[in-house]
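Novice: Sharing a structure below in structure tokens format, with a few things to ask.
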Amino acid sequence: MRTAEIKRRFLAHFEANGHAVVPSAPLPAISDPNLLFINAGMVQFVPYFLGQQSPPYARATSVQKCIRTPDIDEVGKTSRHGTFFQMNGNFSFGDYFKDGAIPLAWDLATTSVEAGGFGLDPERIWATVYLDDDEAYDIWRATGVPTERIVRRGKADNFWSMGIPGPCGPCSELYYDRGPEYGREGGPEVDEDRYLEFWNLVFMQFERGPGVGKEDFPILGDLPARNIDTGMGLERMASLLQGVDNLYEIDEVKPILDRAAELTGKRYGVHSGHAANQSHPDDVRLRVVADHVRTALMLIGDGVTPSNEGRGYVLRRIMRRAIRSVRLLGYQDRALPELLPVARDCMAPSYPELAEEFGRISQYAYAEEDAFLATLRAGTTILDTAIAETKSAGQPALSGDKAFQLHDTYGFPIDLTLEIAAEQGLQVDADGFRRLMADQRSRAKADAQARKTGHTDLSAYRRIVDTTGPTHWRAYTDLTTESTIVAILTDGEPVPAATEGQIVTVVLDVTPFYAESGGQAADAGHLTGPDGAGEVIDVQRPVKGLVAHQVRVTAGHLTVGARLTARVDASWRLGARQAHSGTHVLHAALRQVLGPTALQSGSYNRPGYLRLDFAWPGGLSPATRSEVEDVANQALRDDLPVTAQVMPLTRARDLGALALFGETYDEQVRVVEIGGAWSRELCGGTHVTHSSQIGLLALTGESSVGAGHRRVEAVVGLDGLRYLTRERDLVTQLAAQLQAPREDLPERIGALLGRAKTAERRADQLTRELTAQRARRLAADAVRINGTRHVAVVAADGEDPRQLAELIRAALPQDQPGVVAVAASASASRNTRLVVATTAATPDPLGAVHLVKATLDGRGGGTARLAQGGASGRTAEEILTALTAII
């Protein structure tokens with residue numbers, strides 16, 4: 001039974017039993033700041049389990065895409081672990097409990113294939129329950145599972161909690177006996193390889209209090225609403241039903257594995273004395289390739305793009321591990337164009353959007369591979385130099401900071417650094433590397449913590465919603481409302497009033513202010529009442545349904561319960577509408593010129609200004625930029641109607657409305673159209689009513705924001721006119737200064753730059769000749785100290801100390817000991833630079849790096865032939881005198 005069919009049967013079974021079928025949320029679509037990706041089927045239902053929101057259905061079922069990355073380095077070492085997996089789940093929000101969940105699971109597992117079930121042999125199914133969960137035990141007995149196949153297990157195996165105070169409860173897990181060829185008899189307590197877990201039923205019947213960890217927390221009592229959360233690993237069930245030994249052999253993975261083996265000339269699981277479930281190095285690397293290519297496909301499909309932070313960094317690391325694994329297996333060409341289409345064909349039966357969006361997905365993936373291959377070439381060169389310097393200095397290990405620099409600056413994998421260094425007979429200061437990595441993570445974690453909201457930080461806002469109801473939001477229709485202050489907060493805590501000079505958060509019962517979202521900046525404006533006034537400087541939505549205004553009190557005082565007038569700055573709103581509609585126009589123009597794969601991946605707009613990020617592998621030529629600008633302004637001249645309507649998400653998708661990848665949308669969405677189907681996007685922003693109201697659109701910049709990712713910037717309306725006016729004035733000024741017609745300016749400026757470069761090259765050549773002449777004179781005048789020729793000199797203004805030192809050294813006899821010291825004092829600081837160069841015959845005690853460090857109290861670095869360092873608070877002459885005394 002293919003994996004897509006398992007998924008279909010699972011959803012059909014629970015839909016027939018009254019469950020709402022809920023689509024998988026996108027992998028990065030989570031509000032929990034502690035998670036990068038959805039890692040379990042229940043994550044998108046957490047607000048219902050915590051009581052933060054009322055569920056729109058009493059029971060639900062889903063097949064959720066999941067990513068788990070904590071053990072990414074372990075992928076491939078076993079046959080049953082990967083980064084991407086799918087979790088089949090059914091959920092009840094106080095509707096049914098154990099007596100409903102257990103029969104539903106048993107029926108689907110054991111019903112024949114012909115009747116729509118999975119057809120597992122009921123005589124080979126074992127059940128586990130929590131130690132004292134007699135209720136679940138009795139239900140399994142009543143279902144028909146004999147006593148000898150029901151096992152009671154402890155908290156570590158059969159009790160579940162979220163890891164924070166809240167719902168928790170016992171679990172019941174289902175295991176399938178794969179037979180004596182897989183291990184010992186005796187049930188899951190004896191051998192969890194033979195007895196394979198395939199379903200976990202969680203009964204949330206208790207509330208957890210504060211505690212130390214999973215094993216140490218108090219149970220505060222029985223919850224009034226008992227919830228069900230179950231999870232069946234889709235890949236694990238596929239391995240059972242397809243009769244294969246591991247997840248790498250199921251239909252969604254094995255074709256990728258086979259293609260990787262074909263490319264590299266390796267054969268999977270047939271090494272001498274090696275079974276398929278063991279970890280031969282080739283098998284491990286092939287598994288990494290298969291798992292990571294599939295994971296990268298799913299992540300990019302859900303809107304994640306490679307970057308150096310957060311989710312993008314996880315994607316980048318996964319892709320680079322796959323690419324490197326292929327190269328280690330012997331395939332040196334571009335691998336993803338050979339592997340990613342195979343992964344698409346494997347997953348498209350379950351997720352057809354992967355085939356529809358493959359142009360966009362492949363652009364990001366292939367660009368990332370090209371960038372990484374360049375990184376490998378550059379990093380290898382830098383690493384080779386570092387290894388040579390380390391060996392020359394007689395050091396046994398490459399420094400941790402050099403390994404970290406290679407990893408952090410160049411993206412060079414630490415495991416590759418370790419491998420190449422070992423080939424050269426060197427170790428790597430792995431402890432130092434780990435310390436630097438830990439420091440970096442600590443800084444990142446502290447930064448994330450500072451911005452984190454979490455479940456408890458928003459409790460004050462939730463209480464406001466519970467007490468006063470949601471904000472009546474009129475940003476689409478009004479610029480002014482008569483409103484009442486329902487709450488004032490300082491540092492997240494409610495206060496009764498605020499006085500002049502304070503900056504506070506104000507919640508109104510009715511507001512015309514647009515809260516920052518969808519890339520559009522918040523409105524600006526004022527609150528004016530009989531007892532006080534305030535300037536609105538920011539507007540946010542801290543929780544669903546609530547609008548919170550950050551207000552600077554400018555006069556008198558604002559008090560909870562006071563009536564006032566809320567007024568949006570009309571000029572600000574007009575500029576914001578022009579910019580947001582301009583963003584839609586620019587997006588449509590890009591897609592018209594470049595093609596449908598030029599999809600928006602992010603945007604920001606404020607009055608008069610916009611920027612738009614989109615998928616594209618390279619820079620735009622001036623001609624292409626001009627064409628995009630022309631298409632956009634043609635749409636403005638055509639005075640296209642701009643409309644917005646709310647509709648079901650399914651209808652919006654049927655109409656082809658574009659959505660931002662990675663975003664989660666409600667069942668009802670707002671669709672904004674410009675010229676009908678010319679531009680049709682899901683959007684909650686404010687817009688003009690006709691495209692001509694945007695005025696004009698002028699592109700001001702285009703740049704890279706990552707591999708396969710471009711950014712265009714533009715100004716609109718009056719800001720666009722001012723920009724073009726400044727450009728015109730600049731051209732007029734240049735034409736006057738150069739005494740040339742405007743159309744001749746490029747040629748005239750190019751000629752001037754050419755002459756300037758020629759003069760610069762001549763000046764550089766003259767400087768080098770003068771420096772070389774000086775170097776020869778200094779070498780001829782070298783003094784002998786203890787048998788060593790010695791030159792100590794202060795570099796002249798404009799001279800490069802290192803170049804001068806190397807030229808003097810070259811002029812000395814190489815078969816005799818020689819030491820050259822050049823000092824240059826930085827004019828803008830107290831730091832003095834010292835460069836030391838030695839001839840080939842100089843003995844080790846007088847090596848350059850030793851002399852620099854001895855002179856500069858341990859600071860500096862380099863090799864025995866050339867070293868340099870800096871000193872603070874000492875003159876060039878003092879440093880040269882100190883070095884001469886050492887020789």
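We name chains A, B, ... following the order of the structure tokens; residues begin at 1 in each chain, and ligands are numbered from 1 as shown.
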Enumerate as a list in words all residues of range 498-615 of chain A assigned to alpha helix (DSSP H) by DSSP on the backbone, naming them with the chain letters and numbers the document uses.

Specialist: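 Reading the DSSP output for range 498-615 of chain A, alpha helix (DSSP H) covers Ala570, Ser571, Trp572, Arg573, Leu574, Gly575, Ala576, Arg577, Gln578, Ala579, His580, Ser581, Gly582, Thr583, His584, Val585, Leu586, His587, Ala588, Ala589, Leu590, Arg591, Gln592, Val593 and Leu594 of chain A.
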
Novice: Need to verify the contact set: Thr884 in chain A, 9 Å, only C-alpha atoms, exclusion of same-chain residues closer than 2 positions in sequence. Can you return it as a list in words?

Specialist: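 Answer for this query is Ile785, His790, Ala792, Ala821, Ile879, Leu880, Thr881, Ala882, Ile886 and Ile887 of chain A.
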
Novice: Would you save the residues from that selection as a short mmCIF file (atom, residue, chain, number, x, y, z; two decimals), in the first residue's frame, using C-alpha atoms?

Specialist:
```cif
data_model
loop_
_atom_site.label_atom_id
_atom_site.label_comp_id
_atom_site.auth_asym_id
_atom_site.auth_seq_id
_atom_site.Cartn_x
_atom_site.Cartn_y
_atom_site.Cartn_z
CA ILE A 785 74.10 41.46 14.95
CA HIS A 790 69.37 43.07 10.45
CA ALA A 792 64.96 47.93 11.27
CA ALA A 821 61.58 44.61 10.90
CA ILE A 879 59.11 48.66 19.24
CA LEU A 880 62.05 48.41 16.81
CA THR A 881 64.52 48.99 19.66
CA ALA A 882 62.88 46.21 21.70
CA ILE A 886 66.17 40.21 21.19
CA ILE A 887 68.33 39.32 18.17
#
```

Novice: Set out as a Markdown table a contact list for range 765-882 of chain A and range 752-761 of chain A with a cut-off of 12 Å, giving each residue of range 765-882 of chain A that qualifies its closest atom pair and distance in Å to one decimal, counting only C-alpha atoms, ordered by chain and rising residue number.

Specialist:
```
| residue | atom | partner | partner_atom | distance |
| --- | --- | --- | --- | --- |
| A:Gln765 | CA | A:Arg761 | CA | 6.1 |
| A:Leu766 | CA | A:Arg761 | CA | 8.6 |
| A:Thr767 | CA | A:Arg761 | CA | 9.8 |
| A:Arg768 | CA | A:Arg761 | CA | 10.5 |
```

Novice: For those residues, write C-alpha atoms to a file as a PDB file, in the first residue's frame.

Specialist:
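Final output, result_15.pdb:
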```
ATOM      1  CA  GLN A 765      53.829  51.669 -10.308  1.00  0.00           C
ATOM      2  CA  LEU A 766      55.964  54.680  -9.398  1.00  0.00           C
ATOM      3  CA  THR A 767      55.376  54.061  -5.695  1.00  0.00           C
ATOM      4  CA  ARG A 768      56.398  50.420  -6.054  1.00  0.00           C
TER       5      ARG A 768
END
```

Novice: Between A:Ala225, A:Val646, A:Leu594, A:Ala871, which has the minimum distance to Val628 in chain A (counting only C-alpha atoms)?

Specialist: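 Of A:Ala225, A:Val646, A:Leu594, A:Ala871, the one nearest Val628 in chain A, counting only C-alpha atoms, is A:Leu594.
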
Novice: Would you list the contacts of range 809-814 of chain A as a JSON list (two decimals) with all heavy atoms, in the first residue's frame, taking every protein, DNA or RNA residue within 7 Å and counting only C-alpha atoms, but skipping same-chain residues closer than 4 positions in sequence?

Specialist:
```
[["chain", "number", "residue", "atom", "x", "y", "z"],
["A", 776, "ARG", "N", 66.26, 48.16, -1.63],
["A", 776, "ARG", "CA", 67.60, 47.73, -1.99],
["A", 776, "ARG", "C", 68.66, 48.51, -1.21],
["A", 776, "ARG", "O", 69.68, 47.94, -0.78],
["A", 776, "ARG", "CB", 67.81, 47.89, -3.50],
["A", 776, "ARG", "CG", 67.05, 46.87, -4.34],
["A", 776, "ARG", "CD", 67.50, 46.88, -5.79],
["A", 776, "ARG", "NE", 67.12, 48.11, -6.47],
["A", 776, "ARG", "CZ", 65.95, 48.29, -7.10],
["A", 776, "ARG", "NH1", 65.05, 47.32, -7.13],
["A", 776, "ARG", "NH2", 65.69, 49.43, -7.71],
["A", 779, "ALA", "N", 68.67, 47.19, 2.36],
["A", 779, "ALA", "CA", 69.30, 45.88, 2.44],
["A", 779, "ALA", "C", 70.82, 46.00, 2.36],
["A", 779, "ALA", "O", 71.57, 45.29, 3.05],
["A", 779, "ALA", "CB", 68.77, 44.97, 1.33],
["A", 805, "ALA", "N", 58.78, 45.14, 3.84],
["A", 805, "ALA", "CA", 59.54, 44.08, 4.52],
["A", 805, "ALA", "C", 59.90, 42.96, 3.57],
["A", 805, "ALA", "O", 61.02, 42.43, 3.58],
["A", 805, "ALA", "CB", 58.71, 43.54, 5.70],
["A", 820, "VAL", "N", 64.27, 41.26, 9.00],
["A", 820, "VAL", "CA", 63.80, 42.57, 8.58],
["A", 820, "VAL", "C", 62.61, 42.94, 9.45],
["A", 820, "VAL", "O", 61.66, 42.16, 9.58],
["A", 820, "VAL", "CB", 63.38, 42.58, 7.10],
["A", 820, "VAL", "CG1", 62.86, 43.96, 6.70],
["A", 820, "VAL", "CG2", 64.54, 42.15, 6.22],
["A", 837, "ALA", "N", 60.06, 39.99, 8.65],
["A", 837, "ALA", "CA", 60.31, 39.00, 7.59],
["A", 837, "ALA", "C", 61.73, 38.46, 7.78],
["A", 837, "ALA", "O", 62.65, 39.22, 8.10],
["A", 837, "ALA", "CB", 60.15, 39.63, 6.22],
["A", 838, "THR", "N", 61.90, 37.16, 7.56],
["A", 838, "THR", "CA", 63.22, 36.55, 7.75],
["A", 838, "THR", "C", 63.62, 35.78, 6.51],
["A", 838, "THR", "O", 62.78, 35.29, 5.75],
["A", 838, "THR", "CB", 63.21, 35.59, 8.96],
["A", 838, "THR", "OG1", 62.22, 34.58, 8.75],
["A", 838, "THR", "CG2", 62.89, 36.33, 10.25],
["A", 839, "THR", "N", 64.93, 35.68, 6.30],
["A", 839, "THR", "CA", 65.44, 34.94, 5.14],
["A", 839, "THR", "C", 65.34, 33.44, 5.38],
["A", 839, "THR", "O", 65.11, 32.97, 6.50],
["A", 839, "THR", "CB", 66.90, 35.32, 4.87],
["A", 839, "THR", "OG1", 67.69, 34.95, 6.01],
["A", 839, "THR", "CG2", 67.04, 36.81, 4.62],
["A", 840, "ALA", "N", 65.56, 32.69, 4.30],
["A", 840, "ALA", "CA", 65.41, 31.24, 4.37],
["A", 840, "ALA", "C", 66.40, 30.61, 5.33],
["A", 840, "ALA", "O", 66.14, 29.55, 5.91],
["A", 840, "ALA", "CB", 65.55, 30.63, 2.98],
["A", 841, "ALA", "N", 67.58, 31.25, 5.51],
["A", 841, "ALA", "CA", 68.63, 30.64, 6.33],
["A", 841, "ALA", "C", 68.53, 31.01, 7.81],
["A", 841, "ALA", "O", 69.37, 30.60, 8.60],
["A", 841, "ALA", "CB", 69.99, 31.07, 5.79]]
```

Novice: Please return, as JSON, numbers by chain, all residues of range 643-756 of chain A that DSSP assigns to strand (DSSP E) on the basis of the backbone.

Specialist: {"A": [643, 644, 645, 646, 647, 648, 668, 669, 670, 671, 672, 673, 674, 679, 680, 681, 682, 697, 698, 699, 700, 701, 702, 703, 704, 709, 710, 711, 712, 713, 714, 715, 716]}

Novice: When you look at range 304-319 of chain A with a cut-off of 10 Å (counting only C-alpha atoms), what residues show up, excluding the ones that are within fewer than 6 positions of it in the same chain? I need them as a PyMOL selection string.

Specialist: chain A and resi 26-28+35-37+69+72-73+83+288-289+291-298+325+336+361+364-365+367-369+372+408-409+411+413+444+601+615+661-662+705-709

Novice: Between A:Gln440, A:Leu339, A:Thr771, A:Ala555, which residue has the minimum interatomic distance to Arg802 in chain A, considering only C-alpha atoms?

Specialist: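 Nearest to Arg802 in chain A: A:Thr771.
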
Novice: Work out how far apart CA of Thr61 in chain A and CA of Leu11 in chain A are and give it in Å to one decimal.

Specialist: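 Separating CA of Thr61 in chain A from CA of Leu11 in chain A is a distance of 6.5 Å.
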
Novice: Identify, on the basis of only C-alpha atoms, every residue whose closest approach to Pro843 in chain A does not exceed 10 Å; exclude the query and any residue fewer than 4 positions from it along the same chain; express the result as a tab-separated table (two decimals) with C-alpha atoms, in the first residue's frame.

Specialist:
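The new file selection.tsv reads:
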```
chain	number	residue	atom	x	y	z
A	788	THR	CA	72.55	37.94	11.48
A	816	GLN	CA	72.62	33.85	5.27
A	817	PRO	CA	70.51	34.64	8.38
A	818	GLY	CA	68.55	37.87	8.05
A	838	THR	CA	63.22	36.55	7.75
A	839	THR	CA	65.44	34.94	5.14
A	847	GLY	CA	61.67	32.91	13.36
A	864	ALA	CA	58.59	31.60	10.65
```

Novice: Do a neighbour search on range 129-144 of chain A at 8 Å with only C-alpha atoms, toss out local chain neighbours closer than 4 positions, and write the hits as a list of chain:residue names.

Specialist: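 The filter keeps A:Lys98, A:Asp99, A:Ile102, A:Pro103, A:Trp106, A:Ile150, A:Val151, A:Arg152, A:Arg153, A:Gly154, A:Lys155, A:Asn158, A:Phe159, A:Pro170, A:Cys171, A:Ser172, A:Glu173.
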
Novice: One number please: CA of Arg789 in chain A to CA of Arg859 in chain A, in Å, one decimal.

Specialist: 24.5 Å

Novice: Work out how far CA of Val342 in chain A is from CA of Gly231 in chain A, in Å to one decimal.

Specialist: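 Distance between the two atoms: 27.9 Å.
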
Novice: Can you list, as a ChimeraX atom specification, every protein, DNA or RNA residue that comes within 7 Å of Gln550 in chain A when you count only C-alpha atoms, leaving out same-chain residues fewer than 5 positions away?

Specialist: /A:503-506,536-539

Novice: From the options A:Leu697, A:Ala576, A:Ala657, A:Ala751, which residue's atoms come nearest to Leu682 in chain A, counting only C-alpha atoms?

Specialist: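 Ranking A:Leu697, A:Ala576, A:Ala657, A:Ala751 by distance to Leu682 in chain A, first place goes to A:Ala657.
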